[in-house]
Amino acid sequence: MKPELLCPTCGSTDIKKNGTTRRGKQPHRCRDCGRQFGQNPRWQPQFSDTKAIIDRLVVEKIPLAGIAPALQVSEAWLQQYVNAADTAVPQQVAGTPKAPQRFNVQMDEVWAVVADKGNRHCRNSKALESFTAQHF
């Protein structure tokens with residue numbers, strides 16, 4: 001005796017075979033609602049307890065490559081879930097800006113190479129003048 005299939009959408013038992021997939025599996029189609037489905041699908045919905053565990057593991061900074069095999073979820077689904085959860089979190093950070101402060105710069109000689117390595121010039125005074133003119 002064949003096990004009776006139920007439509008996952010409407011629960012009907014009026015099911016017919018609907019050809020084969022390109023992978024060689026037998027799909028079925030519900031005659032009442034028209035839903036096509038397989039007998040033993042690889043895709044399974046993820047339950048809220050699995051999602052809660054994923055949330056806790058991500059907060060603990062466990063890598064996604066370690067979470068996926070441990071919870072038996074695909075890496076692609078896990079990445080999509082984490083990305084969707086990240087966009088739901090507000091990204092605005094509240095903070096107080098610091099007041100501008102004066103700072104002291106201590107410079108030693110600044111050397112620059114001009115033309116070839118044998119022709120070196122010390123540009124300490126020009127560099128210091130341009131730096132102080134810009135920042136003070």
# chains A, B, ... in the order shown; residues from 1 in each chain; ligands from 1
$ select_by_dssp --residues "stretch 13-112 of chain A" --states "strand (DSSP E)" --output "PyMOL selection string"
chain A and resi 15-17+27-30+36-38+111-112
$ write_last_selection --atoms "N, CA and C atoms" --output "PDB file, in the first residue's frame"
ATOM      1  N   ILE A  15      -3.812  14.254  -5.332  1.00  0.00           N
ATOM      2  CA  ILE A  15      -2.476  14.545  -5.833  1.00  0.00           C
ATOM      3  C   ILE A  15      -2.218  13.714  -7.078  1.00  0.00           C
ATOM      4  N   LYS A  16      -1.517  14.302  -8.057  1.00  0.00           N
ATOM      5  CA  LYS A  16      -1.108  13.526  -9.227  1.00  0.00           C
ATOM      6  C   LYS A  16       0.377  13.724  -9.468  1.00  0.00           C
ATOM      7  N   LYS A  17       0.997  12.736 -10.150  1.00  0.00           N
ATOM      8  CA  LYS A  17       2.403  12.857 -10.509  1.00  0.00           C
ATOM      9  C   LYS A  17       2.522  13.896 -11.611  1.00  0.00           C
ATOM     10  N   PRO A  27       8.173  15.045  -9.043  1.00  0.00           N
ATOM     11  CA  PRO A  27       7.339  16.070  -8.431  1.00  0.00           C
ATOM     12  C   PRO A  27       5.866  15.650  -8.472  1.00  0.00           C
ATOM     13  N   HIS A  28       5.100  16.224  -7.574  1.00  0.00           N
ATOM     14  CA  HIS A  28       3.660  15.976  -7.521  1.00  0.00           C
ATOM     15  C   HIS A  28       2.949  17.318  -7.597  1.00  0.00           C
ATOM     16  N   ARG A  29       1.695  17.287  -8.067  1.00  0.00           N
ATOM     17  CA  ARG A  29       0.906  18.515  -8.160  1.00  0.00           C
ATOM     18  C   ARG A  29      -0.455  18.276  -7.544  1.00  0.00           C
ATOM     19  N   CYS A  30      -0.879  19.240  -6.741  1.00  0.00           N
ATOM     20  CA  CYS A  30      -2.191  19.166  -6.104  1.00  0.00           C
ATOM     21  C   CYS A  30      -3.241  19.567  -7.132  1.00  0.00           C
ATOM     22  N   GLN A  36       2.851  22.657  -6.727  1.00  0.00           N
ATOM     23  CA  GLN A  36       3.761  21.580  -7.092  1.00  0.00           C
ATOM     24  C   GLN A  36       4.751  21.391  -5.959  1.00  0.00           C
ATOM     25  N   PHE A  37       5.016  20.141  -5.606  1.00  0.00           N
ATOM     26  CA  PHE A  37       5.928  19.852  -4.499  1.00  0.00           C
ATOM     27  C   PHE A  37       6.542  18.479  -4.700  1.00  0.00           C
ATOM     28  N   GLY A  38       7.628  18.235  -3.979  1.00  0.00           N
ATOM     29  CA  GLY A  38       8.293  16.936  -3.997  1.00  0.00           C
ATOM     30  C   GLY A  38       7.941  16.152  -2.753  1.00  0.00           C
ATOM     31  N   TRP A 111      63.397  64.958   4.760  1.00  0.00           N
ATOM     32  CA  TRP A 111      64.228  64.818   3.568  1.00  0.00           C
ATOM     33  C   TRP A 111      63.359  64.415   2.388  1.00  0.00           C
ATOM     34  N   ALA A 112      63.655  64.978   1.250  1.00  0.00           N
ATOM     35  CA  ALA A 112      62.948  64.625   0.030  1.00  0.00           C
ATOM     36  C   ALA A 112      63.977  64.282  -1.034  1.00  0.00           C
TER      37      ALA A 112
END
$ atom_distance --atom1 "atom CA of A:Lys51" --atom2 "atom CA of A:Ala88"
14.8 Å
$ residues_around --residues "stretch 65-67 of chain A" --least-positions-apart "3" --cutoff "12 Å" --atoms "only C-alpha atoms" --output "PyMOL selection string"
chain A and resi 50-51+53-62+70-79+82
$ closest_residue --among "A:Ser48, A:Ser12, A:Gln101, A:Thr20" --to "A:Arg35" --atoms "only C-alpha atoms"
A:Ser12
$ select_by_dssp --residues "stretch 10-105 of chain A" --states "alpha helix (DSSP H)" --output "PyMOL selection string"
chain A and resi 48-59+64-71+75-88
$ atom_distance --atom1 "atom CA of A:Val89" --atom2 "atom CA of A:Leu64"
18.7 Å
$ atom_distance --atom1 "atom CA of A:Asp14" --atom2 "atom CA of A:Gln39"
14.2 Å
